[in-house]
Every structure is written in structure tokens, then in C-alpha cells.
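Below: work.cif (mmCIF, C-alpha atoms and all ligand atoms)
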data_structure
#
loop_
_atom_site.label_atom_id
_atom_site.label_comp_id
_atom_site.auth_asym_id
_atom_site.auth_seq_id
_atom_site.Cartn_x
_atom_site.Cartn_y
_atom_site.Cartn_z
CA MET A 1 -22.43 95.58 9.94
CA SER A 2 -19.30 93.98 8.62
CA GLU A 3 -19.54 90.83 6.59
CA ASN A 4 -18.93 87.45 8.16
CA ARG A 5 -15.52 85.91 7.80
CA GLU A 6 -15.60 82.11 7.48
CA ILE A 7 -12.96 80.01 9.21
CA GLU A 8 -12.74 76.43 8.07
CA ILE A 9 -12.52 73.85 10.86
CA MET A 10 -13.50 70.40 9.55
CA GLU A 11 -12.89 68.87 12.95
CA SER A 12 -14.72 65.79 14.11
CA VAL A 13 -16.37 66.28 17.45
CA TYR A 14 -15.54 62.66 18.27
CA ASP A 15 -11.82 63.40 18.18
CA LYS A 16 -11.32 63.81 21.90
CA ASN A 17 -13.07 60.55 22.72
CA ASP A 18 -11.26 58.64 19.96
CA GLU A 19 -7.90 60.01 21.03
CA VAL A 20 -8.39 58.70 24.56
CA ALA A 21 -9.77 55.43 23.17
CA SER A 22 -6.68 54.71 21.09
CA LYS A 23 -4.45 55.50 24.06
CA ILE A 24 -6.38 53.00 26.19
CA ASN A 25 -6.25 50.46 23.39
CA ALA A 26 -2.46 50.74 23.14
CA GLU A 27 -2.10 50.47 26.90
CA LEU A 28 -4.28 47.35 27.04
CA THR A 29 -2.42 45.75 24.15
CA GLY A 30 0.84 46.45 25.96
CA LYS A 31 -0.47 44.61 29.01
CA ASN A 32 -1.52 41.70 26.82
CA ILE A 33 -5.20 42.37 27.41
CA TYR A 34 -7.81 41.69 24.74
CA ALA A 35 -10.77 44.00 25.38
CA ILE A 36 -14.31 43.22 24.27
CA ASN A 37 -17.06 45.83 24.28
CA VAL A 38 -20.25 43.92 25.10
CA MET A 39 -23.35 45.60 23.68
CA GLY A 40 -27.04 44.79 23.71
CA ALA A 41 -30.46 46.00 24.80
CA PRO A 42 -31.52 45.71 28.46
CA GLY A 43 -32.43 42.16 29.39
CA VAL A 44 -30.72 40.32 26.52
CA GLY A 45 -28.55 38.45 29.01
CA LYS A 46 -25.28 40.34 28.88
CA THR A 47 -24.20 39.40 32.40
CA THR A 48 -25.54 35.84 32.13
CA SER A 49 -23.60 35.39 28.90
CA LEU A 50 -20.45 36.79 30.48
CA ILE A 51 -20.74 34.25 33.28
CA GLN A 52 -21.15 31.41 30.75
CA ILE A 53 -18.13 32.64 28.82
CA ILE A 54 -15.94 33.24 31.88
CA LYS A 55 -16.73 29.72 33.18
CA ARG A 56 -15.17 28.32 30.02
CA LEU A 57 -12.06 30.49 29.77
CA ASP A 58 -9.88 27.99 31.65
CA GLY A 59 -6.53 29.57 32.27
CA ILE A 60 -7.29 32.98 30.76
CA THR A 61 -7.84 35.65 33.43
CA PRO A 62 -11.11 37.54 33.01
CA TYR A 63 -11.66 41.15 34.04
CA VAL A 64 -15.00 42.94 33.84
CA ILE A 65 -16.02 46.57 33.74
CA GLU A 66 -19.74 46.79 34.43
CA GLY A 67 -21.52 49.80 33.04
CA ASP A 68 -24.93 50.61 34.41
CA ILE A 69 -26.93 53.76 34.75
CA GLU A 70 -27.57 52.88 38.39
CA ALA A 71 -27.17 49.95 40.82
CA ASP A 72 -24.49 47.29 41.02
CA PHE A 73 -26.32 43.94 41.06
CA ASP A 74 -24.27 42.57 38.17
CA THR A 75 -20.98 43.58 39.74
CA LYS A 76 -21.92 41.84 42.99
CA THR A 77 -22.87 38.69 41.08
CA LEU A 78 -19.58 38.62 39.21
CA GLN A 79 -17.53 39.43 42.30
CA SER A 80 -19.22 36.61 44.20
CA LEU A 81 -17.88 34.30 41.50
CA GLY A 82 -14.38 35.64 42.08
CA VAL A 83 -14.18 37.75 38.93
CA LYS A 84 -12.29 41.03 39.19
CA THR A 85 -15.01 43.54 38.43
CA VAL A 86 -15.29 47.30 38.61
CA GLN A 87 -18.60 49.13 38.49
CA ILE A 88 -19.20 52.30 36.53
CA ASN A 89 -22.47 54.09 37.16
CA THR A 90 -23.05 56.72 34.53
CA GLY A 91 -25.91 58.27 36.48
CA GLY A 92 -28.06 58.67 33.42
CA ALA A 93 -25.71 58.60 30.44
CA CYS A 94 -26.71 56.08 27.79
CA HIS A 95 -23.26 54.70 26.92
CA LEU A 96 -19.73 54.41 28.26
CA ASP A 97 -17.05 56.71 26.91
CA SER A 98 -13.32 56.36 26.95
CA PRO A 99 -12.38 58.69 29.84
CA LEU A 100 -14.63 56.57 32.08
CA ILE A 101 -12.92 53.39 30.89
CA GLY A 102 -9.45 54.82 31.47
CA LYS A 103 -10.19 55.25 35.16
CA ALA A 104 -11.75 51.80 35.53
CA VAL A 105 -8.82 50.09 33.80
CA GLU A 106 -6.44 51.73 36.26
CA GLU A 107 -8.53 50.57 39.18
CA LEU A 108 -8.72 46.98 37.92
CA LYS A 109 -4.93 46.62 37.54
CA VAL A 110 -5.39 44.46 34.47
CA ASP A 111 -2.55 42.26 33.28
CA ASN A 112 -2.62 39.40 30.80
CA GLY A 113 -6.09 38.18 30.00
CA VAL A 114 -9.38 39.31 28.58
CA LEU A 115 -11.31 42.40 29.62
CA PHE A 116 -15.06 42.45 29.09
CA ILE A 117 -16.64 45.88 29.14
CA GLU A 118 -20.37 45.48 29.64
CA ASN A 119 -21.83 48.58 28.08
CA ILE A 120 -25.09 50.25 29.10
CA GLY A 121 -28.16 48.29 27.98
CA ASN A 122 -28.98 50.21 24.84
CA LEU A 123 -28.85 49.27 21.19
CA VAL A 124 -28.05 52.74 19.90
CA CYS A 125 -25.34 54.81 21.55
CA PRO A 126 -22.84 52.12 22.64
CA ALA A 127 -22.11 51.38 18.97
CA GLU A 128 -21.14 54.97 18.27
CA PHE A 129 -18.23 55.40 20.66
CA MET A 130 -14.84 53.73 20.69
CA ILE A 131 -13.83 52.91 24.24
CA GLY A 132 -10.44 51.31 23.63
CA GLU A 133 -11.78 47.88 22.78
CA HIS A 134 -10.29 45.35 20.37
CA ALA A 135 -13.67 43.91 19.41
CA LYS A 136 -17.36 44.54 19.81
CA MET A 137 -19.65 41.68 20.83
CA LEU A 138 -23.32 42.24 20.17
CA ILE A 139 -25.90 40.20 22.05
CA SER A 140 -29.29 39.96 20.40
CA THR A 141 -32.15 37.65 21.36
CA VAL A 142 -34.89 35.70 19.62
CA THR A 143 -37.41 37.34 21.95
CA GLU A 144 -36.57 40.83 20.69
CA GLY A 145 -37.69 39.84 17.21
CA SER A 146 -35.98 39.36 13.88
CA ASP A 147 -36.30 42.97 12.76
CA LYS A 148 -33.53 44.34 14.99
CA PRO A 149 -30.82 44.61 12.27
CA TYR A 150 -33.26 46.69 10.23
CA LYS A 151 -34.13 48.95 13.14
CA TYR A 152 -30.71 49.35 14.75
CA PRO A 153 -28.33 48.93 11.83
CA LEU A 154 -25.26 50.55 13.35
CA ALA A 155 -24.91 48.07 16.22
CA PHE A 156 -25.01 45.16 13.76
CA GLU A 157 -22.67 46.89 11.35
CA LYS A 158 -20.00 47.53 13.99
CA ALA A 159 -20.10 44.12 15.71
CA ASN A 160 -17.19 41.70 15.32
CA ILE A 161 -19.18 38.81 16.78
CA ILE A 162 -22.94 38.48 17.21
CA ILE A 163 -24.51 36.21 19.80
CA LEU A 164 -28.14 35.26 19.38
CA ASN A 165 -29.32 34.43 22.89
CA LYS A 166 -32.40 32.68 24.30
CA CYS A 167 -32.46 30.20 21.42
CA ASP A 168 -34.14 27.67 23.72
CA LEU A 169 -37.25 29.83 23.23
CA LEU A 170 -37.26 29.50 19.43
CA PRO A 171 -40.23 27.07 19.40
CA TYR A 172 -42.32 29.57 21.35
CA VAL A 173 -41.64 32.87 19.62
CA ASP A 174 -42.12 34.22 16.11
CA PHE A 175 -38.53 34.67 15.14
CA ASP A 176 -37.84 34.69 11.40
CA GLU A 177 -34.24 33.53 11.32
CA GLU A 178 -33.87 33.96 7.58
CA PHE A 179 -35.08 37.58 7.71
CA PHE A 180 -32.78 38.25 10.67
CA MET A 181 -29.73 36.80 8.91
CA LYS A 182 -30.52 38.64 5.70
CA GLY A 183 -30.44 41.91 7.62
CA VAL A 184 -27.29 40.99 9.51
CA ARG A 185 -25.44 40.03 6.34
CA ALA A 186 -26.48 43.17 4.48
CA LEU A 187 -24.82 45.19 7.24
CA ASN A 188 -21.99 42.91 8.18
CA LYS A 189 -20.41 40.28 5.96
CA THR A 190 -17.89 38.78 8.36
CA ALA A 191 -19.05 38.66 11.99
CA PRO A 192 -19.89 35.12 13.11
CA VAL A 193 -23.45 34.74 14.37
CA ILE A 194 -23.56 32.17 17.15
CA LYS A 195 -26.80 30.80 18.57
CA VAL A 196 -26.68 30.38 22.33
CA SER A 197 -28.87 29.85 25.32
CA GLY A 198 -27.99 31.10 28.76
CA LYS A 199 -30.43 28.56 30.10
CA THR A 200 -29.27 25.36 28.38
CA GLU A 201 -25.70 26.73 27.96
CA GLU A 202 -25.59 25.64 24.32
CA GLY A 203 -23.37 27.59 21.96
CA TYR A 204 -21.02 29.17 24.47
CA ASP A 205 -18.17 26.76 23.67
CA GLU A 206 -18.15 28.22 20.19
CA VAL A 207 -18.13 31.79 21.51
CA VAL A 208 -15.20 30.99 23.78
CA ALA A 209 -13.33 29.33 20.90
CA TRP A 210 -13.65 32.61 18.97
CA ILE A 211 -12.29 34.56 21.95
CA LYS A 212 -9.42 32.13 22.57
CA GLU A 213 -8.28 32.50 18.99
CA ARG A 214 -7.75 36.19 19.67
CA VAL A 215 -6.37 36.11 23.21
CA LYS A 216 -2.91 34.64 23.25
CA MET B 1 -28.63 62.35 26.53
CA HIS B 2 -24.99 62.62 25.45
CA GLU B 3 -25.67 65.86 23.61
CA TYR B 4 -24.70 67.93 26.66
CA PRO B 5 -20.96 67.11 26.76
CA ILE B 6 -20.77 67.16 22.98
CA THR B 7 -22.35 70.61 22.84
CA GLN B 8 -19.74 71.73 25.35
CA ARG B 9 -17.06 70.36 23.05
CA ILE B 10 -18.48 72.16 20.01
CA ILE B 11 -18.40 75.47 21.85
CA GLU B 12 -14.88 74.78 23.11
CA VAL B 13 -13.61 74.15 19.57
CA ALA B 14 -15.43 77.13 18.05
CA ASP B 15 -14.24 79.39 20.85
CA SER B 16 -10.60 78.39 20.46
CA TYR B 17 -10.67 78.89 16.67
CA ALA B 18 -12.21 82.32 17.18
CA ARG B 19 -9.49 83.22 19.69
CA GLU B 20 -6.72 82.06 17.34
CA ASN B 21 -8.22 84.21 14.61
CA ASN B 22 -8.57 87.28 16.82
CA ALA B 23 -12.34 87.29 16.63
CA ASP B 24 -14.29 88.39 19.69
CA GLU B 25 -17.51 86.88 18.56
CA VAL B 26 -18.64 83.78 16.72
CA LYS B 27 -21.68 84.58 14.60
CA ILE B 28 -22.41 81.21 13.06
CA ILE B 29 -21.25 77.66 13.70
CA ASN B 30 -21.68 75.34 10.72
CA LEU B 31 -22.14 71.81 11.95
CA VAL B 32 -22.55 68.63 9.88
CA VAL B 33 -24.62 65.93 11.60
CA GLY B 34 -25.36 62.54 10.05
CA ASP B 35 -28.60 60.85 11.08
CA TYR B 36 -26.60 57.78 12.16
CA SER B 37 -24.20 59.82 14.27
CA GLY B 38 -26.61 59.30 17.14
CA TYR B 39 -26.84 63.00 17.87
CA VAL B 40 -30.15 64.73 17.92
CA ALA B 41 -29.77 68.12 16.32
CA SER B 42 -32.64 69.65 18.29
CA SER B 43 -31.09 68.59 21.61
CA ILE B 44 -27.81 70.23 20.67
CA GLU B 45 -29.72 73.42 19.92
CA LEU B 46 -31.48 73.17 23.25
CA TYR B 47 -28.26 72.99 25.26
CA PHE B 48 -26.38 75.41 23.10
CA ASP B 49 -27.70 78.68 24.48
CA ILE B 50 -27.16 77.64 28.08
CA ILE B 51 -23.60 76.41 27.62
CA ALA B 52 -22.51 79.16 25.24
CA GLU B 53 -23.46 81.93 27.64
CA SER B 54 -20.06 83.11 28.79
CA SER B 55 -18.10 82.22 25.67
CA ARG B 56 -17.36 83.87 22.33
CA CYS B 57 -20.30 81.81 21.04
CA ALA B 58 -22.89 83.44 23.29
CA LYS B 59 -24.75 84.99 20.38
CA ALA B 60 -23.80 82.43 17.76
CA LYS B 61 -26.38 80.74 15.56
CA LEU B 62 -26.09 77.04 14.94
CA HIS B 63 -26.44 75.97 11.33
CA ILE B 64 -26.92 72.24 11.29
CA GLU B 65 -26.56 70.43 8.00
CA ARG B 66 -28.24 67.04 8.32
CA VAL B 67 -26.97 64.10 6.30
CA THR B 68 -29.27 61.22 5.43
CA PRO B 69 -27.54 57.82 5.55
CA LYS B 70 -26.88 56.12 2.23
CA LEU B 71 -26.13 52.56 1.27
CA LYS B 72 -23.99 51.60 -1.71
CA CYS B 73 -25.35 48.94 -4.04
CA ASN B 74 -23.03 45.95 -4.29
CA LYS B 75 -24.18 45.30 -7.84
CA CYS B 76 -24.48 48.62 -9.68
CA GLY B 77 -22.56 50.91 -7.30
CA GLU B 78 -25.45 53.33 -6.86
CA TYR B 79 -25.73 55.22 -3.55
CA PHE B 80 -29.28 55.14 -2.22
CA GLU B 81 -31.43 55.80 0.84
CA ARG B 82 -32.77 52.74 2.63
CA LYS B 83 -36.43 51.90 2.70
CA PRO B 84 -37.65 50.50 6.06
CA PHE B 85 -36.97 46.76 6.48
CA SER B 86 -35.02 46.57 3.26
CA PHE B 87 -31.50 46.96 1.92
CA GLU B 88 -32.59 46.65 -1.70
CA CYS B 89 -31.26 48.97 -4.40
CA PRO B 90 -34.09 50.88 -6.11
CA THR B 91 -32.23 50.82 -9.44
CA CYS B 92 -31.23 47.18 -9.88
CA GLN B 93 -32.69 45.38 -6.82
CA GLY B 94 -29.18 44.41 -5.75
CA GLU B 95 -28.20 44.57 -2.09
CA GLY B 96 -26.71 47.68 -0.51
CA SER B 97 -23.91 47.87 2.07
CA PRO B 98 -23.42 50.52 4.75
CA THR B 99 -21.23 53.53 3.98
CA GLU B 100 -19.81 56.37 6.05
CA ILE B 101 -22.49 58.66 4.66
CA GLY B 102 -24.81 59.50 7.53
CA GLN B 103 -22.31 58.79 10.32
CA GLU B 104 -20.49 62.14 10.15
CA PHE B 105 -20.41 64.59 12.99
CA TYR B 106 -18.06 67.50 12.56
CA ILE B 107 -17.71 71.25 12.68
CA ARG B 108 -17.37 72.43 9.10
CA SER B 109 -16.56 76.05 9.90
CA ILE B 110 -17.35 79.07 11.99
CA GLU B 111 -18.26 82.53 10.80
CA VAL B 112 -16.93 85.43 12.80
ZN ZN C 301 -28.04 48.61 -7.77
#

Just give me the structure as C-alpha cells.
Ligand SMILES: [Zn+2]
Amino acid sequence: MSENREIEIMESVYDKNDEVASKINAELTGKNIYAINVMGAPGVGKTTSLIQIIKRLDGITPYVIEGDIEADFDTKTLQSLGVKTVQINTGGACHLDSPLIGKAVEELKVDNGVLFIENIGNLVCPAEFMIGEHAKMLISTVTEGSDKPYKYPLAFEKANIIILNKCDLLPYVDFDEEFFMKGVRALNKTAPVIKVSGKTEEGYDEVVAWIKERVK
Amino acid sequence: MHEYPITQRIIEVADSYARENNADEVKIINLVVGDYSGYVASSIELYFDIIAESSRCAKAKLHIERVTPKLKCNKCGEYFERKPFSFECPTCQGEGSPTEIGQEFYIRSIEV
């Protein structure tokens, strides 16, 4: 038996995805599109929040890419409101990746505005992959509990803006806001944390102000 | 779940390096996987044999070097492993910030 010969590689396995992601990002920037990767667990109100945000965009054209493992309820809802939406069904995959986004962007014919990419409901994998976005918006809720930053640190670390939804339920749930914020700030010093409620619609003006500052 | 395409990619890369270096067979693939990379080492191993079948990696062994995530203390600069529900530095009780340590996912080398 001859001895093994070692060949150094040092190549990130993410490279292919990231390469496509930066191409998409450049293309979107060229079309004057600001893309937001919307992340959050199932049921945190990603689509409801998008509707609240889109309602307030006055003048800025919204586009949506809806990622779901199966079904297209959310796409139908958005389309019924006149929002240009494309559905991606991953058929089991737990996150969107950039080749999928490339195709959807083409189909949407985006031009001038803001593109929301609603990622698969999952607090883990969506934070790990660049998909050509300019910012990541994380939606967390008071009903999930205040320990989420401690349990899913990467999503909180990578977020550029954090929305805390279902705040109308604060009187009814055990949500330790101080503990939550302590965890968020340990992971992320700069992302604004905005308290909202899809039900009472509070807080969304502030979210939209943050978006408008970036879309011009 | 996303280990399948990524395992394909690992084999693709290893195979092409072996070809460039005139090696017919990859004996070992040395992979570095951080615990925060989101990849489950055991799932990669599971898919590996099936996907590698008709490649130069068919008989290759996967050596996976796991990396435990570390925080860096904002006060004393120490790198440390997090305790559950805490970001506190064990040395000075300062607060730690996330680092890249634990997020890596790359092929260090192959042995042919
Ligand atoms: Zn310290």
C-alpha cells in the first residue's frame, strides 16, 4: 500500500450558493430593488405582517416571493390583494436557496420597489443561506417565549431588523421582555427591535419607516 | 434535510481535485463542520455512500472535524463556549459576542 498524498482544498461548501446569491443581489440592486429575506418560525405571522407592511408602503411597489414546503394559501391571499407574488414550493426543503430565488426573480419581472422573500417557516436553516437579499427581517412572537435568542442564536445574530409580533397578547402570556432583549443584544447590537401586533396593527408604521429609509 | 445537495457538492469538489491531481481514488475527505453551520455530520455520512458510488470518492472515508461555537468576551477578550441561556464569560462575567468560530463548513483537504 502506498502512503496517502494530501491535497489541500480549503474550499467552503457554501461557495456555489453564495456566488449565485451575490449575482442576484447585484441584479436586484441594478433594478433598484431592495430585497428583504423574511424569516421566522411557522405561525409567527409572516404573511400577516407582510400585508400590514405592504398596506403602508404608499407609492413603493411591493413584490413577494412566497416560500413554502407545500401549498399556496399565502400566495393566493397576497395575489387577491393585487400584490405581484410568485410561489416557490420546496417540496420538503427547509429553506430557500439562491438558485431557486434566481428563477422566481425572473418570473416576477421586478423593477423599482421592494422585494419581500418569505422564507420557509423555520428558525434554523433560513439564517444560514444568503439568497441575494439586502437585509434579513426576523419575526419573533411573544407567544413563542422569551428564550428564543438563546435557543436559536444564529437567526437573531444575522437579522437586520427584528419584529416582535402578537404584542397584544403580552398581558396573557409569560414573556420576559428583559430576558429576551438581553439575549438579542448579546447577539446583535444594532438591529432595531420593533413591537407590533398584526391584530391591532400597532408598530407597523415604524417598521415601514425603517424600510422606506432604505428603499429610495 | 439540506445535507443531500451539500453532500453532492462535497463529492463534486473532491472528485475534481482528485482528477486535477491525476488520482484515480480519493481515500479520505477531511471536512470541517461547525456546530452552527446547520449541517448534521451524521446525515452527511448517511448520504455519502449512496452519492459517492460512481465517483472517485466511492471508497473514500469522511473525516469530519467538528467545531464547537465560541463567543468572545467583550470585556477580557477571552474566547469561551456558551452555557445554555447565558452569554456570560466564565473568566470575568462580562458579556460575550458571537464569532465565526462554529459557523465554518469547508473541505480542508483530500487524501489520495
Ligand atoms: Zn471575560

Nearest residue to chain A from the set B:Pro69, B:Pro5, B:Gly77, B:Gly38 (distances using all atoms listed in the file)
B:Gly38

Which residues are near ligand ZN 301 (chain C) - at most 7 Å, using only C-alpha atoms and all ligand atoms? Format: as a PyMOL selection string.
chain B and resi 73-78+89-95

Within 8 Å of chain B, which residues belong to chain A? Use only C-alpha atoms and report them as number ranges by chain.
A: 4-14, 92-94, 124-125, 128, 147, 150-151, 154, 157, 183, 186-187

Around the point (-23.6, 47.5, 15.0) (coordinates from the file), which residues reach within 9 Å if we count all atoms listed in the file? Answer as a PDB file with C-alpha atoms, in the frame of the given file.
ATOM      1  CA  MET A  39     -23.350  45.600  23.680  1.00  0.00           C
ATOM      2  CA  LEU A 123     -28.850  49.270  21.190  1.00  0.00           C
ATOM      3  CA  VAL A 124     -28.050  52.740  19.900  1.00  0.00           C
ATOM      4  CA  PRO A 126     -22.840  52.120  22.640  1.00  0.00           C
ATOM      5  CA  ALA A 127     -22.110  51.380  18.970  1.00  0.00           C
ATOM      6  CA  GLU A 128     -21.140  54.970  18.270  1.00  0.00           C
ATOM      7  CA  LYS A 136     -17.360  44.540  19.810  1.00  0.00           C
ATOM      8  CA  LEU A 138     -23.320  42.240  20.170  1.00  0.00           C
ATOM      9  CA  PRO A 149     -30.820  44.610  12.270  1.00  0.00           C
ATOM     10  CA  TYR A 152     -30.710  49.350  14.750  1.00  0.00           C
ATOM     11  CA  PRO A 153     -28.330  48.930  11.830  1.00  0.00           C
ATOM     12  CA  LEU A 154     -25.260  50.550  13.350  1.00  0.00           C
ATOM     13  CA  ALA A 155     -24.910  48.070  16.220  1.00  0.00           C
ATOM     14  CA  PHE A 156     -25.010  45.160  13.760  1.00  0.00           C
ATOM     15  CA  GLU A 157     -22.670  46.890  11.350  1.00  0.00           C
ATOM     16  CA  LYS A 158     -20.000  47.530  13.990  1.00  0.00           C
ATOM     17  CA  ALA A 159     -20.100  44.120  15.710  1.00  0.00           C
ATOM     18  CA  ASN A 160     -17.190  41.700  15.320  1.00  0.00           C
ATOM     19  CA  LEU A 187     -24.820  45.190   7.240  1.00  0.00           C
ATOM     20  CA  ASN A 188     -21.990  42.910   8.180  1.00  0.00           C
TER      21      ASN A 188
END

A:Leu50, A:Val207, A:Val142, A:Val110: which is nearest A:Asp176, counting only C-alpha atoms?
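Result for the nearest residue to A:Asp176: A:Val142.
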
Contacts of stretch 54-58 of chain B at 7 Å or less, counting all atoms listed in the file, minus same-chain residues fewer than 2 places along, as a ChimeraX atom specification?
/B:11,15,24-26,49,52,60

Which protein, DNA or RNA residues are at most 10 Å from (-30.5, 42.7, 27.5) in the file's coordinates when you count all atoms listed in the file, listed as a PyMOL selection string?
chain A and resi 39-48+120-123+139-141+144+165

Restricting the calculation to all atoms listed in the file, which member of A:Val64, A:Leu100, A:Ile51, A:Met130 is positioned closest to A:Asp15?
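Nearest to A:Asp15: A:Met130.
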
I want to know what sits within 9 Å of A:Ile53, based on only C-alpha atoms, with residues of the same chain fewer than 6 positions away left out; could you give that as a list in words?
Tyr204, Asp205, Val207 and Val208 of chain A

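Computed from the coordinates, the atom CA of A:Ile117 to atom CA of B:Gly34 distance equals 26.8 Å.
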
What does the distance from atom CA of A:Glu70 to atom CA of B:Ala41 come to in Å, to one decimal?
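That distance, rounded to one decimal, is 26.9 Å.
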
Quote the spacing between atom CA of B:Gln8 and atom CA of B:Phe48 in Å to one decimal place.
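Pair atom CA of B:Gln8 / atom CA of B:Phe48 returns 7.9 Å.
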
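Residues surrounding A:Asn89 within 9 Å are Glu66, Gly67, Asp68, Ile69, Glu70, Ala71, Asp72, Gln87, Gly91, Gly92 and Ala93 of chain A [only C-alpha atoms; sequence separation below 2 positions excluded].
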
N, CA and C atoms for stretch 153-178 of chain A, written as a PDB file, keeping the file's coordinate frame, could you do that?
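Wrote result_32.pdb, looks like this:
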ATOM      1  N   PRO A 153     -29.372  49.434  12.722  1.00  0.00           N
ATOM      2  CA  PRO A 153     -28.330  48.930  11.830  1.00  0.00           C
ATOM      3  C   PRO A 153     -26.901  49.139  12.333  1.00  0.00           C
ATOM      4  N   LEU A 154     -26.643  50.245  13.002  1.00  0.00           N
ATOM      5  CA  LEU A 154     -25.260  50.550  13.350  1.00  0.00           C
ATOM      6  C   LEU A 154     -24.646  49.507  14.287  1.00  0.00           C
ATOM      7  N   ALA A 155     -25.420  49.056  15.274  1.00  0.00           N
ATOM      8  CA  ALA A 155     -24.910  48.070  16.220  1.00  0.00           C
ATOM      9  C   ALA A 155     -24.516  46.787  15.496  1.00  0.00           C
ATOM     10  N   PHE A 156     -25.312  46.383  14.514  1.00  0.00           N
ATOM     11  CA  PHE A 156     -25.010  45.160  13.760  1.00  0.00           C
ATOM     12  C   PHE A 156     -23.840  45.375  12.807  1.00  0.00           C
ATOM     13  N   GLU A 157     -23.769  46.575  12.268  1.00  0.00           N
ATOM     14  CA  GLU A 157     -22.670  46.890  11.350  1.00  0.00           C
ATOM     15  C   GLU A 157     -21.322  46.857  12.061  1.00  0.00           C
ATOM     16  N   LYS A 158     -21.278  47.379  13.284  1.00  0.00           N
ATOM     17  CA  LYS A 158     -20.000  47.530  13.990  1.00  0.00           C
ATOM     18  C   LYS A 158     -19.549  46.272  14.736  1.00  0.00           C
ATOM     19  N   ALA A 159     -20.436  45.292  14.897  1.00  0.00           N
ATOM     20  CA  ALA A 159     -20.100  44.120  15.710  1.00  0.00           C
ATOM     21  C   ALA A 159     -19.059  43.235  15.038  1.00  0.00           C
ATOM     22  N   ASN A 160     -18.148  42.673  15.837  1.00  0.00           N
ATOM     23  CA  ASN A 160     -17.190  41.700  15.320  1.00  0.00           C
ATOM     24  C   ASN A 160     -17.676  40.275  15.554  1.00  0.00           C
ATOM     25  N   ILE A 161     -18.560  40.118  16.533  1.00  0.00           N
ATOM     26  CA  ILE A 161     -19.180  38.810  16.780  1.00  0.00           C
ATOM     27  C   ILE A 161     -20.595  39.082  17.294  1.00  0.00           C
ATOM     28  N   ILE A 162     -21.545  38.292  16.798  1.00  0.00           N
ATOM     29  CA  ILE A 162     -22.940  38.480  17.210  1.00  0.00           C
ATOM     30  C   ILE A 162     -23.423  37.197  17.874  1.00  0.00           C
ATOM     31  N   ILE A 163     -23.963  37.353  19.068  1.00  0.00           N
ATOM     32  CA  ILE A 163     -24.510  36.210  19.800  1.00  0.00           C
ATOM     33  C   ILE A 163     -26.021  36.328  19.771  1.00  0.00           C
ATOM     34  N   LEU A 164     -26.675  35.265  19.366  1.00  0.00           N
ATOM     35  CA  LEU A 164     -28.140  35.260  19.380  1.00  0.00           C
ATOM     36  C   LEU A 164     -28.585  34.418  20.561  1.00  0.00           C
ATOM     37  N   ASN A 165     -29.030  35.101  21.619  1.00  0.00           N
ATOM     38  CA  ASN A 165     -29.320  34.430  22.890  1.00  0.00           C
ATOM     39  C   ASN A 165     -30.785  33.993  22.971  1.00  0.00           C
ATOM     40  N   LYS A 166     -31.058  33.197  23.994  1.00  0.00           N
ATOM     41  CA  LYS A 166     -32.400  32.680  24.300  1.00  0.00           C
ATOM     42  C   LYS A 166     -32.943  31.786  23.193  1.00  0.00           C
ATOM     43  N   CYS A 167     -32.051  31.067  22.516  1.00  0.00           N
ATOM     44  CA  CYS A 167     -32.460  30.200  21.420  1.00  0.00           C
ATOM     45  C   CYS A 167     -33.302  29.012  21.890  1.00  0.00           C
ATOM     46  N   ASP A 168     -33.267  28.725  23.196  1.00  0.00           N
ATOM     47  CA  ASP A 168     -34.140  27.670  23.720  1.00  0.00           C
ATOM     48  C   ASP A 168     -35.606  28.055  23.567  1.00  0.00           C
ATOM     49  N   LEU A 169     -35.859  29.361  23.359  1.00  0.00           N
ATOM     50  CA  LEU A 169     -37.250  29.830  23.230  1.00  0.00           C
ATOM     51  C   LEU A 169     -37.737  29.846  21.777  1.00  0.00           C
ATOM     52  N   LEU A 170     -36.882  29.448  20.859  1.00  0.00           N
ATOM     53  CA  LEU A 170     -37.260  29.500  19.430  1.00  0.00           C
ATOM     54  C   LEU A 170     -38.611  28.856  19.104  1.00  0.00           C
ATOM     55  N   PRO A 171     -38.930  27.684  19.726  1.00  0.00           N
ATOM     56  CA  PRO A 171     -40.230  27.070  19.400  1.00  0.00           C
ATOM     57  C   PRO A 171     -41.427  27.913  19.857  1.00  0.00           C
ATOM     58  N   TYR A 172     -41.188  28.853  20.754  1.00  0.00           N
ATOM     59  CA  TYR A 172     -42.320  29.570  21.350  1.00  0.00           C
ATOM     60  C   TYR A 172     -42.499  30.999  20.843  1.00  0.00           C
ATOM     61  N   VAL A 173     -41.541  31.488  20.082  1.00  0.00           N
ATOM     62  CA  VAL A 173     -41.640  32.870  19.620  1.00  0.00           C
ATOM     63  C   VAL A 173     -41.615  32.931  18.091  1.00  0.00           C
ATOM     64  N   ASP A 174     -42.149  34.030  17.560  1.00  0.00           N
ATOM     65  CA  ASP A 174     -42.120  34.220  16.110  1.00  0.00           C
ATOM     66  C   ASP A 174     -40.808  34.889  15.741  1.00  0.00           C
ATOM     67  N   PHE A 175     -39.808  34.089  15.510  1.00  0.00           N
ATOM     68  CA  PHE A 175     -38.530  34.670  15.140  1.00  0.00           C
ATOM     69  C   PHE A 175     -38.170  34.154  13.740  1.00  0.00           C
ATOM     70  N   ASP A 176     -38.137  35.065  12.782  1.00  0.00           N
ATOM     71  CA  ASP A 176     -37.840  34.690  11.400  1.00  0.00           C
ATOM     72  C   ASP A 176     -36.335  34.749  11.204  1.00  0.00           C
ATOM     73  N   GLU A 177     -35.710  33.584  11.339  1.00  0.00           N
ATOM     74  CA  GLU A 177     -34.240  33.530  11.320  1.00  0.00           C
ATOM     75  C   GLU A 177     -33.662  33.968   9.976  1.00  0.00           C
ATOM     76  N   GLU A 178     -34.358  33.622   8.911  1.00  0.00           N
ATOM     77  CA  GLU A 178     -33.870  33.960   7.580  1.00  0.00           C
ATOM     78  C   GLU A 178     -33.862  35.484   7.378  1.00  0.00           C
TER      79      GLU A 178
END
